[in-house]
Structures are given as C-alpha cells and as structure tokens.
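Single-structure report; data block below.
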Amino acid sequence: MKKIFFLISFLIFFVSINAQSNKDLVLARQYYNNGDYEKASQLFYELWKNDNNNEYYYTSLLYSYIRLKEFNEAEKIVKKQIKKNKENLNYQIDLGYVYSQNNDATAAEKEFESVLNQLVANQTQIRQIASKFLNIQQTDYAIKTYLKGRKLLNTNDLFVYELGNAYFKENKNKEAVQTYLDLLQSNPNNIVTVQSILANKLDKEEVQDELETQLYTLVQKKPNDNTYAEMLIWLFSHQQDYEQALIQAKALDKRNNEDGNRIFLLANDAFQEKQYNTAIDAYKYLIENKKDNTTLRRAKALLIRAEQEKITSRPNYTAEQINALQNNYTNYLNTYGKGIENIDVISNFAHLQAYYIHNLSEAITLLEEAISLPNIPKKAKNTLKLELGDIYILDDNVWEATLLYAQVDKDEKDSPIGEDARFRNAKLSYYKGEFEWSQAQLKILKGATTELIANDAIDLSVFIMDNLGLDSITTTMEEYSKAELLTLQNRNDEALQTLDEILKKYPGHALTDDIYYKKAQIYFSENNYEKAVEMLNAVLLNHKEDILADNAAFLLGDIYQNYLMDKEKAMKYYKLFITDYSGSVLLVEARKRYRTLRGDNI
C-alpha cells in the first residue's frame, strides 16, 4: 500500500508541475510575442533551468536577452550550452552572434572562424552550419562554409544552388553567375534548371550584364560547346532582344548543320513580339541556306506574313508596298498551289485583298475556294468561315456574316473558335443597335475559356452599360455603333459625318470622349496626323480622368515620335503619361520610349 501511495503522490506532483510549466510557457510566449522581453526572459529562464535540453526554451531566452541588450546574461547561457555540447558548433555561432550584437566584431569573427576550422567532411553538418549563419544574417560566413565544405568533400559542384543564392544575397553577381555556369560545365543537361533559377534574378540589369559578359567569354573560349551559345540565345530572348538572339542562333545552325527548326522558333517569337525585321531576317536566312522543299515553302509563306504585318502595322504604307505583297502572294500560290497545306497563306492573302486592296469579291472567292477544299480539317474550315464572315461585313452583307458566325458557334460548341464566333456575332448585334441581344451573348462570354475573348466581352458589355445607363432611349448609342461599323467597312467619310452629328445633337453626352478618340483613330489611319493630334488633345483637355485618356496620351507621344518627328513634344506626352497614368498597362513601354528619346543607355 505504501508503494502505491508514494506512486500516486509522485504522479500528482509530476502532473501539477507539468501543468504549471505549460501555463508558464503559454504566458512566456505571450510576453515574447507582445515584445515584453523582460517578463518573457524571467519565465523562459525558469523553464530553461528546469529543462536546459529544450532548444525552444534556450533560443527564446537567448533572443530575449539580446533584445534587452543583456549581453552578459546571453553570453552566460550560451557558454553553458557550449560546455555541455562541445561537438555542437551551432552554440559557438550563437556566441559569435551575441558578440556581434554587442558590437564586438573581433570576438564575433574569432568564434565564426573557429567554427569554420572545426568543420568536417560531412554534408549534413555543412548545410546546417551554413543555414545557421544565414539565419543570423552572416551570409559571407555561409559562403565560406559552403566553399570549405567543397574542399573537405573534394567535390566542386556541391551546394551550387545554396551558394548561388548566398552570392546573390550579398550582391556578388559575378560569383553567383559563375557558380551556376560552372554547373553547366560539369553537366550541360542542367541548362533548363539553371535558366529557371537565373530567370528569377534577371529583373536586375546588373545581373543581365554580368551573365552576358561571362557567356560571351565562354563562347569565345569554348567555341565548339553549344551550351553557352544556347544560354546566350535564351538570355537575349528573355530580354526580347531577338536580333542578338538570331545572331547566335544562326551560328549554331551553321555549326551543327541543323534543320532550321531553331530559327523558325526564334522567328515566331520575334513575330509575336512585333519585331518584324528580325523575323524577316530569320526567314530570309532559311530561304538562302536550306534546300529542303518543306522548309523553303514554310519559310517563304511566313516571310510574306511577316512582311505584311510589318507594312500594315503602320498607317503610312504605300501602294507600291501593297502591290509588292500582292505579287508575292500570287507567285507563291502559283508555285505551291492552293492546297490544304497553304490555307494560312490563302487566308492572309484574302485579308490583304479585303482590307488593303479593297477587292472584296476576290477575297470572298479565295476564302470560298479554300472552304470547299476536300478533306479540310474542321478547325481550319471554321477559322476560314470567321474570316469570310468579317469580309461579308465589309461588303455590307451582315446577314451572311451572322449565318457564318452561327454555323461556327454551333459546330465548335464551347471551344475557343466557337467562343470567338459568338463574340463576333455579339459585336455584330452591337453594330446593328441590338444592344439587349448583344448583352445576353456577352454575359455568357464573360466566362469564356479564352482570356482575350472574356476580357473583350467584359469591355464591350461595360461600354454598353455605361453609355446606356438607365436611359431607355438608345438613339445616341445606335448612331455611335453605326459609326463604328462604317469605320470597320472603311467608309471613313460617312463615319466622321455620323460622329460629328452626334456631337452636334447631343453635346456633353457620355460618349463624347469616345467620339473624339474614334475620330483620332480614323484620321490616324488616313495619315492625317495633325487632325488626329487635335482630337486626342480634345480627349486630354476635356476628359483627362476618363478611361481613354491614357491611350490618348500614349498615341500622341507615338505620333510625335514616329510620324511628325518632333522629339520634344513626344517626350512631353510620354512624361505626361508616366506622371498621370502610372497604372496603365502601357507604362513600361512609355517609360522605355521616354528614356530612349532622352538619350539614356538602355
């Protein structure tokens, strides 16, 4: 009985002590989190004294003392831990940290150096010690730890990612870049991993410059090693400097006698970024250097497409340029035929005929012939139908356009092409003044799988709602949407007349800024830059806070920079844009143009 009594008494005592300990721990944490380190240190000291193997008690007590600047007390508890755990170098780092916080750099360095001298050839220990140094912001000692570990383990490609990150943290860009490039030297298969890591660091210009410098050195030093040329192509592409990327890609293509696919991919990226000159240069290289018929056909087709986009992306193209494009298309189709493999070429040629040569009947004939090709894939056929529907609108045959869009919508249910067809029909309803029907379709399209279509649907829907409001009279909107359709049909004089009539009949209407901006776009397309400037200034003067103001400011800068050749006024509007419209998606481009005009090295 006595034994049982003593056992029960002991258990009751143990539970009560443990309960008190838990209560003190909760209170100590609360004091610590609230910044009351004086009370926290008292409680953590008692907890640590009863259980000095508990790392949480020890660490909390140590940092409480440090925050209270009670460095003597902090030094005492660390030395006690060292005395009990001589093999654990973490405590020695703690001691160095206490000295560093007490502004005793010499004593701190002595402890840190002692830790380095005691390292052994053990990866786990090295990682732990380096991590400890990083935790106390001693990044330089973390680097020394990794380097010492490499020597001890006699392996130079260990700790690459940790070491590279540490170098970047210390702004030692040269060493960081070299660390990752050394990894490629030992194993070129790591190129994707290295690119992924460096991509997150390339927002800093100095890192880009350092990487470019080292890569050029390595390319010259090891001309037969493709890895560094591949890295240069990747870097220039990342910077959207496709001209320089193409130089490296050509060198690799020639050296390795490649099939040209690398050049095609790069040209496509340049084209997507509207760097048409580089895309054209790439396709011409392929035509001059490749003998394979498929490659030649593909390169020639894409060359015409790039030349067409380059010429028509600006309003000041000439009749001679359009005629040259027409001849190129005719020669191409005479050589390679109007088969399924050239559907894209036929579609592009039809687009040129309709929108720039204004030969609608020829454009319609081209598309109808292509749609009728035997064994044409469904997706290709429906894409051509969308293009044909657009041209029917130009030809003022709205009913045929509606039917084609509806066919594609039905045939491509819930696919991006089907959603595109539905949006075009919704927009056509808007042009015709059928706003309720248009809104019903746009409501569905707000959840479209294609982000671009969803955003366009939202924009048009908001535009209709904002300008109709609660007003049941839709006359003004009907006239404006009619003007938009006339503009689309290249009936600019009628469109301008309609817009002017709205301004006269409905002064101060919510559509006023849209009307000025639409007129500016029409004048711009006709190369009437002075009138375009007048309309855009009307937007800025009277509607500075409206949604089109940032577009107006940017377009003014563009006109003065690229068409009226007035550098000072271009800078004026880009600066206005940067100052007043910092939330615009065009901000980066505006800033880049402003800096270029100012003469900055970018």
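Each chain of the structure tokens is named A, B, ... in the order shown, its residues numbered from 1; ligands are numbered from 1 in display order.
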
**Asked** Which residues come within 9 Å of Ala552 of chain A, counting only C-alpha atoms, excluding same-chain residues fewer than 5 positions away, as a ChimeraX atom specification?
**Response** /A:517,520,535-537,539-540,557

Write a file of the just-selected residues containing N, CA and C atoms, as an mmCIF file, in the first residue's frame.
```cif
data_model
loop_
_atom_site.group_PDB
_atom_site.id
_atom_site.type_symbol
_atom_site.label_atom_id
_atom_site.label_comp_id
_atom_site.auth_asym_id
_atom_site.auth_seq_id
_atom_site.Cartn_x
_atom_site.Cartn_y
_atom_site.Cartn_z
ATOM 1 N N TYR A 517 -11.923 60.171 -79.628
ATOM 2 C CA TYR A 517 -10.876 59.156 -79.801
ATOM 3 C C TYR A 517 -11.097 58.366 -81.096
ATOM 4 N N ALA A 520 -9.961 60.429 -83.912
ATOM 5 C CA ALA A 520 -8.489 60.436 -83.954
ATOM 6 C C ALA A 520 -7.969 59.180 -84.644
ATOM 7 N N MET A 535 -7.810 65.870 -82.167
ATOM 8 C CA MET A 535 -8.837 65.072 -81.493
ATOM 9 C C MET A 535 -8.318 64.471 -80.179
ATOM 10 N N LEU A 536 -7.089 63.991 -80.189
ATOM 11 C CA LEU A 536 -6.516 63.394 -78.981
ATOM 12 C C LEU A 536 -6.334 64.438 -77.885
ATOM 13 N N ASN A 537 -5.939 65.644 -78.265
ATOM 14 C CA ASN A 537 -5.819 66.723 -77.278
ATOM 15 C C ASN A 537 -7.175 67.099 -76.710
ATOM 16 N N VAL A 539 -9.498 64.959 -76.101
ATOM 17 C CA VAL A 539 -9.723 63.944 -75.060
ATOM 18 C C VAL A 539 -9.006 64.342 -73.777
ATOM 19 N N LEU A 540 -7.733 64.714 -73.891
ATOM 20 C CA LEU A 540 -6.939 65.053 -72.702
ATOM 21 C C LEU A 540 -7.425 66.336 -72.033
ATOM 22 N N GLY A 557 2.181 60.744 -78.010
ATOM 23 C CA GLY A 557 3.628 60.548 -77.983
ATOM 24 C C GLY A 557 4.111 59.773 -79.194
#
```

Checklist entry - Neighbours of Trp399 of chain A within 10 Å (only C-alpha atoms; same-chain residues fewer than 5 positions away dropped), as a list of chain:residue names? => result A:Gly389, A:Tyr392, A:Ile393, A:Leu404, A:Leu428

Those selected residues, please, written with all heavy atoms and delivered as a compact mmCIF listing (two decimals), in the first residue's frame.
```
# COMPACT_ATOMS: atom_id res chain seq x y z
N GLY A 389 -16.82 35.69 -92.77
CA GLY A 389 -17.89 36.47 -92.13
C GLY A 389 -17.47 37.92 -91.94
O GLY A 389 -18.26 38.85 -92.19
N TYR A 392 -17.69 39.67 -95.23
CA TYR A 392 -19.09 39.94 -95.59
C TYR A 392 -19.58 41.23 -94.91
O TYR A 392 -20.37 41.99 -95.49
CB TYR A 392 -19.99 38.77 -95.20
CG TYR A 392 -20.07 37.67 -96.25
CD1 TYR A 392 -19.97 36.33 -95.88
CD2 TYR A 392 -20.27 37.98 -97.59
CE1 TYR A 392 -20.05 35.31 -96.84
CE2 TYR A 392 -20.35 36.99 -98.56
CZ TYR A 392 -20.23 35.65 -98.17
OH TYR A 392 -20.31 34.67 -99.13
N ILE A 393 -19.11 41.47 -93.69
CA ILE A 393 -19.48 42.72 -93.01
C ILE A 393 -18.93 43.92 -93.78
O ILE A 393 -19.62 44.93 -93.97
CB ILE A 393 -18.96 42.73 -91.55
CG1 ILE A 393 -19.67 41.66 -90.72
CG2 ILE A 393 -19.16 44.10 -90.91
CD1 ILE A 393 -19.13 41.50 -89.32
N LEU A 404 -22.77 32.72 -90.91
CA LEU A 404 -21.47 32.04 -90.80
C LEU A 404 -21.02 31.96 -89.34
O LEU A 404 -20.56 30.91 -88.89
CB LEU A 404 -20.42 32.78 -91.63
CG LEU A 404 -20.46 32.51 -93.14
CD1 LEU A 404 -19.53 33.47 -93.88
CD2 LEU A 404 -20.06 31.07 -93.45
N LEU A 428 -21.51 42.10 -83.74
CA LEU A 428 -22.32 42.46 -84.90
C LEU A 428 -23.69 42.96 -84.45
O LEU A 428 -24.22 43.93 -85.02
CB LEU A 428 -22.45 41.25 -85.82
CG LEU A 428 -23.13 41.47 -87.18
CD1 LEU A 428 -22.48 42.61 -87.94
CD2 LEU A 428 -23.07 40.18 -88.00
```

ask   = Ile129 of chain A: which residues within 8 Å, counting only C-alpha atoms, same-chain residues fewer than 3 positions away excluded, as a count of residues only?
value = 8

Skip segment 565-579 of chain A itself and residues of its chain fewer than 2 positions away, then list as a ChimeraX atom specification all residues within 9 Å of it, counting only C-alpha atoms. /A:550-551,553-563,581-584,586-588,590-591,593-595,597-598

Could those residues be written to a file, using N, CA and C atoms, as an mmCIF file, in the first residue's frame?
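Everything below was put into out-v5.cif:
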```
data_model
loop_
_atom_site.group_PDB
_atom_site.id
_atom_site.type_symbol
_atom_site.label_atom_id
_atom_site.label_comp_id
_atom_site.auth_asym_id
_atom_site.auth_seq_id
_atom_site.Cartn_x
_atom_site.Cartn_y
_atom_site.Cartn_z
ATOM 1 N N ASP A 550 -5.425 57.719 -71.056
ATOM 2 C CA ASP A 550 -4.060 57.179 -71.135
ATOM 3 C C ASP A 550 -3.722 56.755 -72.560
ATOM 4 N N ASN A 551 -4.692 56.152 -73.254
ATOM 5 C CA ASN A 551 -4.459 55.778 -74.656
ATOM 6 C C ASN A 551 -4.182 57.013 -75.511
ATOM 7 N N ALA A 553 -2.905 59.933 -74.532
ATOM 8 C CA ALA A 553 -1.571 60.477 -74.233
ATOM 9 C C ALA A 553 -0.480 59.650 -74.901
ATOM 10 N N PHE A 554 -0.630 58.334 -74.844
ATOM 11 C CA PHE A 554 0.390 57.461 -75.445
ATOM 12 C C PHE A 554 0.409 57.626 -76.966
ATOM 13 N N LEU A 555 -0.783 57.683 -77.592
ATOM 14 C CA LEU A 555 -0.849 57.812 -79.045
ATOM 15 C C LEU A 555 -0.281 59.160 -79.499
ATOM 16 N N LEU A 556 -0.487 60.200 -78.702
ATOM 17 C CA LEU A 556 0.106 61.499 -79.016
ATOM 18 C C LEU A 556 1.632 61.402 -79.027
ATOM 19 N N GLY A 557 2.181 60.744 -78.010
ATOM 20 C CA GLY A 557 3.628 60.548 -77.983
ATOM 21 C C GLY A 557 4.111 59.773 -79.194
ATOM 22 N N ASP A 558 3.359 58.743 -79.562
ATOM 23 C CA ASP A 558 3.732 57.904 -80.707
ATOM 24 C C ASP A 558 3.707 58.702 -82.013
ATOM 25 N N ILE A 559 2.664 59.511 -82.194
ATOM 26 C CA ILE A 559 2.547 60.308 -83.425
ATOM 27 C C ILE A 559 3.697 61.304 -83.541
ATOM 28 N N TYR A 560 3.977 61.998 -82.436
ATOM 29 C CA TYR A 560 5.065 62.980 -82.485
ATOM 30 C C TYR A 560 6.430 62.315 -82.658
ATOM 31 N N GLN A 561 6.581 61.121 -82.075
ATOM 32 C CA GLN A 561 7.879 60.434 -82.180
ATOM 33 C C GLN A 561 8.106 59.844 -83.566
ATOM 34 N N ASN A 562 7.094 59.154 -84.115
ATOM 35 C CA ASN A 562 7.309 58.340 -85.310
ATOM 36 C C ASN A 562 6.742 58.915 -86.606
ATOM 37 N N TYR A 563 5.888 59.962 -86.508
ATOM 38 C CA TYR A 563 5.264 60.471 -87.724
ATOM 39 C C TYR A 563 5.517 61.963 -87.951
ATOM 40 N N TYR A 581 -0.603 58.557 -65.554
ATOM 41 C CA TYR A 581 -1.275 57.275 -65.829
ATOM 42 C C TYR A 581 -0.371 56.100 -65.474
ATOM 43 N N SER A 582 0.140 56.140 -64.254
ATOM 44 C CA SER A 582 1.112 55.123 -63.820
ATOM 45 C C SER A 582 0.498 53.739 -63.672
ATOM 46 N N GLY A 583 -0.829 53.674 -63.680
ATOM 47 C CA GLY A 583 -1.476 52.370 -63.553
ATOM 48 C C GLY A 583 -1.758 51.699 -64.883
ATOM 49 N N SER A 584 -1.404 52.359 -65.972
ATOM 50 C CA SER A 584 -1.714 51.821 -67.303
ATOM 51 C C SER A 584 -0.792 50.673 -67.680
ATOM 52 N N LEU A 586 0.427 50.307 -70.449
ATOM 53 C CA LEU A 586 1.398 50.846 -71.402
ATOM 54 C C LEU A 586 2.544 51.583 -70.714
ATOM 55 N N LEU A 587 2.566 51.581 -69.388
ATOM 56 C CA LEU A 587 3.557 52.377 -68.655
ATOM 57 C C LEU A 587 4.990 51.974 -68.983
ATOM 58 N N VAL A 588 5.266 50.670 -69.014
ATOM 59 C CA VAL A 588 6.635 50.204 -69.261
ATOM 60 C C VAL A 588 7.126 50.681 -70.625
ATOM 61 N N ALA A 590 5.962 53.236 -72.386
ATOM 62 C CA ALA A 590 6.074 54.694 -72.383
ATOM 63 C C ALA A 590 7.379 55.134 -71.730
ATOM 64 N N ARG A 591 7.706 54.500 -70.616
ATOM 65 C CA ARG A 591 8.956 54.841 -69.923
ATOM 66 C C ARG A 591 10.169 54.503 -70.788
ATOM 67 N N ARG A 593 10.308 54.380 -74.080
ATOM 68 C CA ARG A 593 10.402 55.341 -75.183
ATOM 69 C C ARG A 593 10.923 56.691 -74.694
ATOM 70 N N TYR A 594 10.455 57.128 -73.537
ATOM 71 C CA TYR A 594 10.902 58.407 -72.981
ATOM 72 C C TYR A 594 12.408 58.385 -72.730
ATOM 73 N N ARG A 595 12.876 57.308 -72.142
ATOM 74 C CA ARG A 595 14.313 57.193 -71.846
ATOM 75 C C ARG A 595 15.134 57.137 -73.131
ATOM 76 N N LEU A 597 14.328 58.544 -76.043
ATOM 77 C CA LEU A 597 14.349 59.894 -76.605
ATOM 78 C C LEU A 597 15.264 60.821 -75.806
ATOM 79 N N ARG A 598 15.346 60.567 -74.512
ATOM 80 C CA ARG A 598 16.204 61.397 -73.648
ATOM 81 C C ARG A 598 17.676 61.079 -73.853
#
```

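One finds atom CA of Met477 of chain A at 15.2 Å from atom CA of Leu496 of chain A.
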
| message | What parts of segment 169-404 of chain A does DSSP call alpha helix (DSSP H)? I'd like the answer as a ChimeraX atom specification. | response | /A:169,173-186,191-199,205-221,226-238,242-256,261-272,276-289,293-312,319-336,343-355,360-371,378-394,398-404

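The shortest atom-to-atom distance to Asn190 of chain A, with only C-alpha atoms taken into account, belongs to A:Tyr161 out of A:Tyr167, A:Tyr161, A:Tyr56, A:Tyr317.
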
Near segment 234-245 of chain A, within 8 Å and counting only C-alpha atoms, which residues show up once chain neighbours fewer than 4 positions away are dropped, as a list in words? Gln195, Gln208, Glu212, Glu230, Ala249, Leu266, Ala270, Glu273, Gln275 and Thr278 of chain A
